[in-house]
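Structure data (CSV, C-alpha atoms) from my_file-v1.csv:
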chain,number,residue,atom,x,y,z
A,273,MET,CA,55.5,73.9,119.3
A,274,PRO,CA,55.7,71.2,116.6
A,275,ARG,CA,59.1,69.7,116.1
A,276,ARG,CA,59.5,71.0,112.6
A,277,LEU,CA,58.4,74.3,111.2
A,278,LEU,CA,59.4,75.6,107.7
A,279,GLY,CA,62.3,78.1,108.1
A,280,ILE,CA,62.3,77.9,111.9
A,281,ARG,CA,64.7,75.8,114.0
A,282,ARG,CA,65.8,75.5,117.6
A,283,LYS,CA,69.1,77.3,118.3
A,284,GLN,CA,70.6,77.0,121.8
A,285,ASN,CA,68.3,78.8,124.1
A,286,GLY,CA,66.0,80.3,121.5
A,287,TRP,CA,64.7,80.0,117.9
A,288,GLN,CA,66.2,80.9,114.6
A,289,ALA,CA,64.0,82.0,111.8
A,290,LEU,CA,65.6,82.1,108.3
A,291,ILE,CA,64.6,82.5,104.7
A,292,ARG,CA,66.7,82.6,101.5
A,293,ILE,CA,65.7,85.3,99.0
A,294,LYS,CA,67.5,85.8,95.7
A,295,GLY,CA,70.4,83.7,97.0
A,296,GLN,CA,70.8,85.8,100.2
A,297,LEU,CA,70.1,84.3,103.6
A,298,HIS,CA,68.0,86.4,106.0
A,299,GLN,CA,67.9,85.3,109.6
A,300,LYS,CA,66.8,86.5,113.0
A,301,TYR,CA,66.9,85.0,116.5
A,302,PHE,CA,63.9,84.9,118.8
A,303,PRO,CA,63.5,84.1,122.5
A,304,LEU,CA,62.3,80.6,123.4
A,305,GLU,CA,58.8,81.8,124.4
A,306,THR,CA,58.1,83.5,121.0
A,307,PRO,CA,54.9,82.3,119.4
A,308,PRO,CA,55.3,80.6,116.0
A,309,ASP,CA,52.9,83.0,114.3
A,310,GLN,CA,55.3,85.9,115.1
A,311,MET,CA,58.2,84.2,113.5
A,312,ARG,CA,56.1,83.2,110.5
A,313,ALA,CA,55.1,86.9,110.2
A,314,TRP,CA,58.7,87.9,110.2
A,315,ARG,CA,59.5,85.5,107.3
A,316,GLU,CA,56.6,86.8,105.3
A,317,GLU,CA,57.7,90.4,105.9
A,318,GLN,CA,61.2,89.6,104.6
A,319,LEU,CA,59.6,88.0,101.5
A,320,ARG,CA,57.5,91.1,101.0
A,321,LEU,CA,60.4,93.4,101.3
A,322,TYR,CA,63.1,91.6,99.4
A,323,GLY,CA,61.2,88.9,97.3
A,324,GLU,CA,60.1,89.0,93.7
A,325,ARG,CA,56.6,90.2,93.2
A,326,PRO,CA,54.8,91.9,90.3
A,327,ALA,CA,55.5,95.6,90.0
A,328,ALA,CA,52.5,97.9,89.4
A,329,PRO,CA,52.6,99.6,86.0
A,330,GLY,CA,54.3,103.0,86.1
A,331,SER,CA,55.6,102.4,89.6
A,332,PHE,CA,59.2,103.0,90.8
A,333,ALA,CA,59.8,99.2,90.8
A,334,ALA,CA,58.5,98.8,87.2
A,335,ASN,CA,60.8,101.6,86.0
A,336,VAL,CA,63.8,100.1,87.8
A,337,ARG,CA,63.1,96.7,86.1
A,338,ALA,CA,62.8,98.4,82.7
A,339,TYR,CA,66.1,100.2,83.4
A,340,LEU,CA,67.9,97.0,84.3
A,341,GLU,CA,66.6,95.3,81.1
A,342,LYS,CA,68.1,97.9,78.8
A,343,PRO,CA,70.9,96.3,76.8
A,344,ALA,CA,73.5,98.9,77.8
A,345,ILE,CA,72.8,98.2,81.5
A,346,ALA,CA,72.2,94.5,81.3
A,347,MET,CA,75.6,93.9,79.6
A,348,MET,CA,77.5,95.8,82.3
A,349,PRO,CA,80.1,93.6,84.2
A,350,SER,CA,78.7,95.0,87.5
A,351,ILE,CA,75.0,94.4,86.7
A,352,LYS,CA,74.5,92.2,89.8
A,353,GLN,CA,75.9,94.9,92.0
A,354,ARG,CA,73.8,97.6,90.3
A,355,THR,CA,70.6,95.5,90.7
A,356,ALA,CA,71.4,95.0,94.4
A,357,HIS,CA,71.9,98.7,95.0
A,358,LEU,CA,68.6,99.6,93.3
A,359,GLU,CA,66.8,97.0,95.3
A,360,LEU,CA,68.0,98.8,98.4
A,361,TRP,CA,66.6,102.0,97.1
A,362,LEU,CA,63.3,100.3,96.4
A,363,VAL,CA,63.1,99.2,100.0
A,364,ALA,CA,64.1,102.6,101.4
A,365,LEU,CA,61.9,104.8,99.2
A,366,GLY,CA,59.0,102.5,98.4
A,367,ARG,CA,58.2,100.3,95.4
A,368,ASP,CA,54.7,101.2,94.5
A,369,ARG,CA,55.1,105.0,94.2
A,370,THR,CA,56.1,106.8,91.0
A,371,ALA,CA,59.7,107.7,90.3
A,372,ALA,CA,58.6,111.3,89.7
A,373,SER,CA,57.3,111.6,93.3
A,374,ILE,CA,60.8,110.9,94.8
A,375,THR,CA,62.2,114.1,96.3
A,376,ARG,CA,65.8,115.2,96.9
A,377,GLU,CA,65.1,115.5,100.7
A,378,GLU,CA,64.0,111.8,100.8
A,379,ILE,CA,67.2,110.7,99.1
A,380,GLU,CA,69.3,112.8,101.3
A,381,ALA,CA,67.6,111.3,104.4
A,382,VAL,CA,68.4,107.8,103.2
A,383,LEU,CA,72.0,108.7,102.4
A,384,GLN,CA,72.5,110.2,105.9
A,385,ARG,CA,71.0,107.2,107.5
A,386,TRP,CA,73.4,104.9,105.7
A,387,LEU,CA,76.3,107.1,106.7
A,388,TRP,CA,75.1,107.2,110.3
A,389,GLN,CA,75.0,103.4,110.3
A,390,LYS,CA,78.8,103.5,109.7
A,391,LEU,CA,78.6,102.1,106.2
A,392,SER,CA,81.7,102.7,104.1
A,393,PRO,CA,81.6,106.0,102.2
A,394,VAL,CA,82.6,104.0,99.1
A,395,THR,CA,79.5,101.7,99.5
A,396,VAL,CA,77.2,104.7,99.9
A,397,TYR,CA,78.8,106.4,96.9
A,398,HIS,CA,78.1,103.4,94.7
A,399,ARG,CA,74.5,103.2,95.9
A,400,ARG,CA,74.0,106.9,95.1
A,401,THR,CA,75.6,106.4,91.7
A,402,ALA,CA,73.2,103.6,90.9
A,403,LEU,CA,70.2,105.8,91.6
A,404,ARG,CA,71.6,108.7,89.7
A,405,SER,CA,72.3,106.6,86.7
A,406,PHE,CA,68.7,105.3,86.8
A,407,PHE,CA,67.3,108.9,86.7
A,408,VAL,CA,69.7,109.9,83.9
A,409,MET,CA,68.6,107.0,81.8
A,410,MET,CA,64.9,107.7,82.4
A,411,ASN,CA,64.8,111.5,82.1
A,412,GLY,CA,68.0,112.3,80.2
A,413,ALA,CA,71.1,114.2,81.4
A,414,GLU,CA,69.2,117.5,81.5
A,415,GLY,CA,66.0,116.0,82.9
A,416,TYR,CA,64.6,115.7,86.4
A,417,ASN,CA,67.1,114.1,88.8
A,418,PRO,CA,66.5,114.3,92.5
A,419,VAL,CA,69.9,112.8,93.2
A,420,THR,CA,71.6,116.0,92.0
A,421,GLY,CA,72.6,118.2,95.0
A,422,THR,CA,72.6,115.4,97.6
A,423,THR,CA,75.6,114.4,99.6
A,424,LYS,CA,78.2,112.8,97.5
A,425,PRO,CA,80.5,110.6,99.7
A,426,LYS,CA,84.2,110.3,98.7
A,427,HIS,CA,84.3,107.2,96.6
A,428,TRP,CA,88.0,106.5,96.8
A,429,LEU,CA,90.8,107.6,99.1
A,430,PRO,CA,94.2,106.2,98.2
A,431,THR,CA,95.9,104.8,101.2
A,432,ASP,CA,99.1,103.0,101.9
A,433,ARG,CA,98.4,99.4,102.7
A,434,SER,CA,101.9,98.0,102.1
A,435,VAL,CA,103.7,95.9,104.7
A,436,ASP,CA,107.4,95.1,104.7
A,437,PHE,CA,108.3,91.8,103.1
A,438,ALA,CA,109.9,90.3,106.3
A,439,THR,CA,106.7,90.8,108.2
A,440,LEU,CA,104.6,89.2,105.5
A,441,GLN,CA,107.0,86.3,105.4
A,442,ARG,CA,106.6,85.8,109.1
A,443,ILE,CA,102.8,85.8,108.9
A,444,ILE,CA,102.8,83.2,106.2
A,445,ASP,CA,105.3,81.1,108.0
A,446,THR,CA,102.9,81.2,111.0
A,447,MET,CA,100.0,79.7,109.0
A,448,PRO,CA,99.5,75.9,109.5
A,449,ARG,CA,101.8,73.8,107.3
A,450,GLU,CA,99.5,70.8,107.1
A,451,ARG,CA,95.8,70.0,107.1
A,452,SER,CA,93.9,66.9,108.1
A,453,THR,CA,91.7,65.5,105.3
A,454,ARG,CA,91.0,62.1,106.8
A,455,PRO,CA,91.7,60.4,110.1
A,456,GLY,CA,95.4,59.7,110.1
A,457,LEU,CA,96.0,61.4,106.8
A,458,ARG,CA,97.7,64.8,106.6
A,459,GLU,CA,98.4,66.9,103.5
A,460,PRO,CA,100.1,70.3,102.9
A,461,SER,CA,98.0,73.3,103.8
A,462,LEU,CA,96.6,74.8,100.6
A,463,ALA,CA,95.9,78.1,102.4
A,464,ARG,CA,99.6,78.5,103.2
A,465,LEU,CA,100.6,77.6,99.6
A,466,ARG,CA,98.1,80.0,98.1
A,467,ALA,CA,99.1,82.8,100.3
A,468,ARG,CA,102.7,82.3,99.3
A,469,VAL,CA,101.7,82.5,95.6
A,470,LEU,CA,99.9,85.8,96.3
A,471,LEU,CA,103.0,87.1,98.1
A,472,HIS,CA,105.3,86.6,95.2
A,473,THR,CA,103.0,87.4,92.3
A,474,GLY,CA,100.8,90.2,93.7
A,475,MET,CA,97.7,88.8,91.9
A,476,PRO,CA,94.3,89.4,93.6
A,477,PRO,CA,92.9,86.3,95.5
A,478,GLY,CA,89.9,86.2,93.2
A,479,GLU,CA,92.2,85.7,90.1
A,480,LEU,CA,94.1,82.8,91.7
A,481,LEU,CA,91.0,80.7,91.8
A,482,LYS,CA,90.6,81.1,87.9
A,483,LEU,CA,94.0,79.6,87.2
A,484,ARG,CA,94.6,76.1,85.9
A,485,PRO,CA,97.8,74.1,85.4
A,486,GLN,CA,97.9,75.0,81.7
A,487,HIS,CA,98.3,78.7,82.6
A,488,PHE,CA,101.6,78.1,84.3
A,489,ASP,CA,104.7,77.8,82.1
A,490,ARG,CA,107.5,76.6,84.4
A,491,GLU,CA,110.3,76.6,81.8
A,492,ALA,CA,109.6,80.1,80.6
A,493,ALA,CA,108.9,81.3,84.2
A,494,ARG,CA,105.7,83.1,83.3
A,495,LEU,CA,102.0,82.9,84.0
A,496,ARG,CA,99.1,83.5,81.6
A,497,MET,CA,96.6,85.6,83.5
A,498,PRO,CA,93.0,85.4,82.4
A,499,TRP,CA,90.6,88.2,81.6
A,500,ARG,CA,89.6,90.3,84.7
A,501,ASP,CA,86.1,91.7,85.0
A,502,LYS,CA,86.7,94.2,87.8
A,503,GLY,CA,86.3,97.9,87.0
A,504,GLN,CA,86.6,98.5,83.2
A,505,GLY,CA,88.0,95.0,82.8
A,506,THR,CA,91.5,93.9,82.0
A,507,PRO,CA,92.4,91.7,79.0
A,508,ALA,CA,94.5,88.6,79.5
A,509,TYR,CA,98.2,89.2,79.8
A,510,VAL,CA,101.4,87.3,80.5
A,511,LEU,CA,103.0,87.8,84.0
A,512,PRO,CA,106.7,87.2,84.3
A,513,LEU,CA,107.7,85.3,87.4
A,514,SER,CA,110.5,85.5,89.9
A,515,ALA,CA,112.3,82.4,91.1
A,516,GLU,CA,110.4,82.5,94.3
A,517,ALA,CA,107.1,82.8,92.5
A,518,VAL,CA,108.0,79.8,90.3
A,519,ALA,CA,108.8,77.8,93.4
A,520,ALA,CA,105.5,78.8,95.1
A,521,LEU,CA,103.5,77.7,92.0
A,522,VAL,CA,105.4,74.4,91.7
A,523,ALA,CA,104.5,73.7,95.3
A,524,LEU,CA,100.9,74.6,94.6
A,525,ASP,CA,100.8,72.3,91.6
A,526,ALA,CA,102.3,69.4,93.5
A,527,ALA,CA,99.5,69.7,96.1
A,528,ASN,CA,96.9,69.9,93.3
A,529,GLY,CA,95.8,73.3,94.6
A,530,TRP,CA,94.5,74.7,91.3
A,531,GLY,CA,90.9,75.7,90.8
A,532,ALA,CA,88.1,77.3,92.8
A,533,PHE,CA,88.3,77.8,96.6
A,534,ALA,CA,86.7,79.9,99.3
A,535,VAL,CA,88.5,83.3,99.2
A,536,GLY,CA,86.9,84.2,102.5
A,537,ARG,CA,88.4,81.2,104.3
A,538,LEU,CA,91.8,81.9,102.9
A,539,SER,CA,91.5,85.5,104.1
A,540,LEU,CA,90.4,84.4,107.5
A,541,ALA,CA,93.4,82.0,107.8
A,542,PHE,CA,95.7,84.8,106.9
A,543,ARG,CA,94.1,87.2,109.4
A,544,ARG,CA,94.5,84.7,112.2
A,545,ALA,CA,98.2,84.3,111.4
A,546,ALA,CA,98.6,88.1,111.2
A,547,ARG,CA,97.0,88.5,114.7
A,548,ARG,CA,99.5,85.9,116.1
A,549,VAL,CA,102.4,87.8,114.7
A,550,LEU,CA,101.3,91.5,115.1
A,551,GLY,CA,98.6,91.3,117.8
A,552,LYS,CA,94.8,91.3,117.8
A,553,ALA,CA,94.6,95.0,116.9
A,554,THR,CA,96.4,94.6,113.5
A,555,THR,CA,94.6,95.7,110.3
A,556,VAL,CA,96.8,93.6,108.0
A,557,ARG,CA,94.7,91.7,105.5
A,558,LEU,CA,95.2,89.3,102.7
A,559,TYR,CA,94.9,91.9,99.9
A,560,ASP,CA,97.9,93.8,101.5
A,561,LEU,CA,100.1,91.2,99.8
A,562,ARG,CA,99.2,92.9,96.5
A,563,HIS,CA,99.8,96.4,97.8
A,564,SER,CA,103.1,95.4,99.2
A,565,LEU,CA,104.4,94.0,95.9
A,566,GLY,CA,103.2,97.2,94.2
A,567,ALA,CA,105.2,99.3,96.6
A,568,ASP,CA,108.3,97.2,96.2
A,569,LEU,CA,108.1,97.4,92.4
A,570,TYR,CA,107.8,101.2,92.5
A,571,ARG,CA,110.6,101.5,95.0
A,572,ARG,CA,112.8,99.6,92.6
A,573,THR,CA,111.6,100.9,89.2
A,574,ARG,CA,110.3,104.4,90.0
A,575,ASP,CA,107.9,103.8,87.1
A,576,LEU,CA,104.1,103.6,87.6
A,577,ALA,CA,103.5,102.2,84.1
A,578,THR,CA,105.7,99.2,84.9
A,579,VAL,CA,103.9,98.7,88.3
A,580,GLY,CA,100.5,98.8,86.5
A,581,ARG,CA,101.5,96.3,83.9
A,582,LEU,CA,102.8,93.8,86.4
A,583,LEU,CA,99.7,94.2,88.6
A,584,GLY,CA,97.3,93.8,85.6
A,585,HIS,CA,95.9,97.3,85.6
A,586,VAL,CA,94.5,98.9,82.5
A,587,GLU,CA,96.8,101.5,80.9
A,588,GLY,CA,96.6,104.8,82.7
A,589,SER,CA,94.6,103.5,85.6
A,590,VAL,CA,94.5,106.0,88.5
A,591,VAL,CA,94.4,103.1,91.0
A,592,THR,CA,98.0,102.2,90.2
A,593,ALA,CA,99.3,105.2,92.2
A,594,GLN,CA,97.7,103.8,95.4
A,595,TYR,CA,99.9,100.7,95.2
A,596,ALA,CA,103.0,102.9,95.0
A,597,ARG,CA,102.2,105.0,98.0
A,598,GLY,CA,104.1,102.7,100.4
A,599,ALA,CA,107.3,103.5,98.5
A,600,HIS,CA,106.9,107.3,98.3
A,601,THR,CA,109.2,108.0,101.4
A,602,ALA,CA,112.0,105.9,100.0
A,603,VAL,CA,111.6,107.2,96.5
A,604,ASP,CA,111.5,110.8,97.6
A,605,ALA,CA,114.6,110.4,99.8
A,606,ALA,CA,116.4,108.8,96.9
A,607,ALA,CA,115.4,111.7,94.6
A,608,ILE,CA,116.6,114.4,97.0
A,609,ALA,CA,119.9,112.5,97.5
A,610,ALA,CA,120.3,112.2,93.7
A,611,VAL,CA,119.6,115.9,93.1
A,612,SER,CA,122.0,116.9,95.9
A,613,ALA,CA,124.8,114.7,94.5
A,614,ASP,CA,124.2,116.2,91.0
A,615,ARG,CA,124.4,119.7,92.2
A,616,ALA,CA,127.6,119.0,94.2
A,617,ALA,CA,129.1,117.6,91.0
A,618,GLN,CA,128.2,120.8,89.1
A,619,VAL,CA,129.8,122.9,91.8
A,620,ALA,CA,133.0,120.9,91.6
A,621,GLN,CA,133.0,121.2,87.8
A,622,LEU,CA,132.7,124.9,88.0
A,623,ALA,CA,135.5,125.2,90.5
A,624,ARG,CA,137.8,123.4,88.0
A,625,VAL,CA,137.1,125.6,85.0
A,626,ALA,CA,136.3,129.0,86.5
A,627,PRO,CA,138.6,131.9,85.5
A,628,SER,CA,141.0,133.3,88.0
A,629,THR,CA,139.6,136.2,90.1
A,630,LYS,CA,143.1,137.6,91.0
A,631,LEU,CA,143.3,141.4,90.3
A,632,PRO,CA,145.9,142.7,87.7
A,633,ARG,CA,149.2,144.1,89.1
A,634,LYS,CA,149.2,147.9,89.4
A,635,LEU,CA,151.3,150.0,87.0
A,636,PRO,CA,154.6,151.5,88.3
A,637,ARG,CA,154.2,155.0,89.6
A,638,ARG,CA,156.7,156.6,87.1
A,639,ARG,CA,155.0,155.0,84.1
A,640,LYS,CA,151.7,156.1,85.4
A,641,ARG,CA,152.9,159.8,85.5
A,642,ARG,CA,154.1,159.6,81.9
A,643,VAL,CA,150.8,158.3,80.7
A,644,ILE,CA,148.8,161.0,82.4
A,645,LYS,CA,151.1,163.7,81.0
A,646,HIS,CA,150.7,162.4,77.5
A,647,LEU,CA,147.0,162.4,77.8
A,648,ARG,CA,147.0,166.0,79.0
A,649,VAL,CA,149.1,167.1,75.9
A,650,VAL,CA,146.8,165.3,73.6
As structure tokens, how would this structure be written, given the file I've shared?
Amino acid sequence: MPRRLLGIRRKQNGWQALIRIKGQLHQKYFPLETPPDQMRAWREEQLRLYGERPAAPGSFAANVRAYLEKPAIAMMPSIKQRTAHLELWLVALGRDRTAASITREEIEAVLQRWLWQKLSPVTVYHRRTALRSFFVMMNGAEGYNPVTGTTKPKHWLPTDRSVDFATLQRIIDTMPRERSTRPGLREPSLARLRARVLLHTGMPPGELLKLRPQHFDREAARLRMPWRDKGQGTPAYVLPLSAEAVAALVALDAANGWGAFAVGRLSLAFRRAARRVLGKATTVRLYDLRHSLGADLYRRTRDLATVGRLLGHVEGSVVTAQYARGAHTAVDAAAIAAVSADRAAQVAQLARVAPSTKLPRKLPRRRKRRVIKHLRVV
């Protein structure tokens, strides 16, 4: 085999064929004795399945492209995700067929295959929603929609992901304190500093990379959070900071840790530290720092609206309740104790003001006889 082939390289005891399509890397490993033509055929097949190519007029692919170009769809914050979901449907159902030929049974078979592959029900739910929206836009709300009647996975199940503060502190303390940038030169670990900021502010990791020094007001102990695109979008807001959060941000500023970074690498560093502290089977993740602060806020305030404002949720968001689930046990116990104490106070108050229940003294027997005789005469 020639030393260099496009998209094919030697990898340990075999070959690796790879091709990047629409920014996504597709790769596959082949044994050492695999002919080059077989690996080239695999690359061409990936390009045929996932690459850009002209869509036949009136085909399912052409209709999908027209749907994605509509202004109402193209301006959606989640347009990239919607495009990726519909691309998966094009691969699963066929590009060149007409949209009217797609049946409910075919869609149900694809959904069941994805669920059988152990994909998250949330992921399958979003894929199904993308296809359903496509047919609604094409045929109207009352028109033909083969997605109707198919399996609808549960898209969101609120779960308690909170972890007690002491454990989170131990995990972050286990993360490396320093990093080596050049031979003989060591600097503070930015992963550790960023994790500490997330611990005390509860912001999502994806929002931390948007922050710049001008967003941090040290004297006023507040942070100006930028616009958030997730879900319905959250406008910019001001986040008040605790003394610990101010100290964490001051340390991050001193290490020049503002700006973009790889969230995946930070998450991996946190997971490694969590495994050292809690064992290899732990499910604690970086985003649990946010859940834990939400639970602590609700445990203290008993107010979901306050929790939502401090976490940057839109007003009335149903997701806020998920972040408070970790405090339900403590809040419920405190509520029962408060009701019990209030009832005990009411009972004590009644005992102090209640009228006497002692029966009146009986009339003397002689007086009683005179009264009865008088009544008889009358």
Residues within 9 Å of Arg404 (chain A), all atoms listed in the file, excluding chain neighbours under 5 positions, as a VMD selection string: chain A and resid 399 409 417 to 420
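Compared by their closest atoms to Arg496 (chain A), and using all atoms listed in the file, the residues A:Pro460, A:Pro512, A:Pro343, A:Pro349 rank with A:Pro512 nearest.
Around the coordinate (65.5, 88.7, 116.7), residues that reach within 9 Å when counting all atoms listed in the file are Trp287, Gln288, Ala289, Gln299, Lys300, Tyr301, Phe302 and Pro303 of chain A.
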Would you kindly return, as a PDB file with C-alpha atoms, in the frame of the given file, each protein, DNA or RNA residue with an atom no farther than 6 Å from any atom of region 359-367 of chain A, considering all atoms listed in the file and excluding same-chain residues fewer than 2 positions away?
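After the write, part01.pdb holds the following:
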ATOM      1  CA  PHE A 332      59.200 103.000  90.800  1.00  0.00           C
ATOM      2  CA  ALA A 333      59.800  99.200  90.800  1.00  0.00           C
ATOM      3  CA  ALA A 356      71.400  95.000  94.400  1.00  0.00           C
ATOM      4  CA  HIS A 357      71.900  98.700  95.000  1.00  0.00           C
ATOM      5  CA  ARG A 369      55.100 105.000  94.200  1.00  0.00           C
TER       6      ARG A 369
END
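The space between CA of Gly286 (chain A) and CA of Glu305 (chain A) spans 7.9 Å.
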Exercise: residues within 6 Å of coordinate (99.0, 97.0, 104.9), counting only C-alpha atoms, as a ChimeraX atom specification: /A:433-435,556,560
Let me know the centre plus edge lengths, in Å and rounded to one decimal, of a box with edges along x, y and z that contains all listed atoms of region 615-624 of chain A and is padded by 5 Å on every side, as lines of an AutoDock Vina configuration file.
center_x = 131.1
center_y = 121.4
center_z = 91.0
size_x = 23.4
size_y = 17.6
size_z = 16.4
Which residue of A:Glu459, A:Glu316, A:Glu414, A:Glu479 approaches Arg562 (chain A) most closely, using only C-alpha atoms: A:Glu479
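Counting from CA of Met475 (chain A), the distance to CA of Val394 (chain A) is 22.6 Å.
The space between CA of Pro476 (chain A) and CA of Thr453 (chain A) spans 26.7 Å.
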Among the residues A:Leu319, A:Ala567, A:Val590, A:Ala517, the one that comes closest to Gln296 (chain A) [using only C-alpha atoms]: A:Leu319
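The residue that comes closest to Arg320 (chain A), out of A:Ile293, A:Ala520, A:Ala344, A:Val619 and on the basis of all atoms listed in the file, is A:Ile293.
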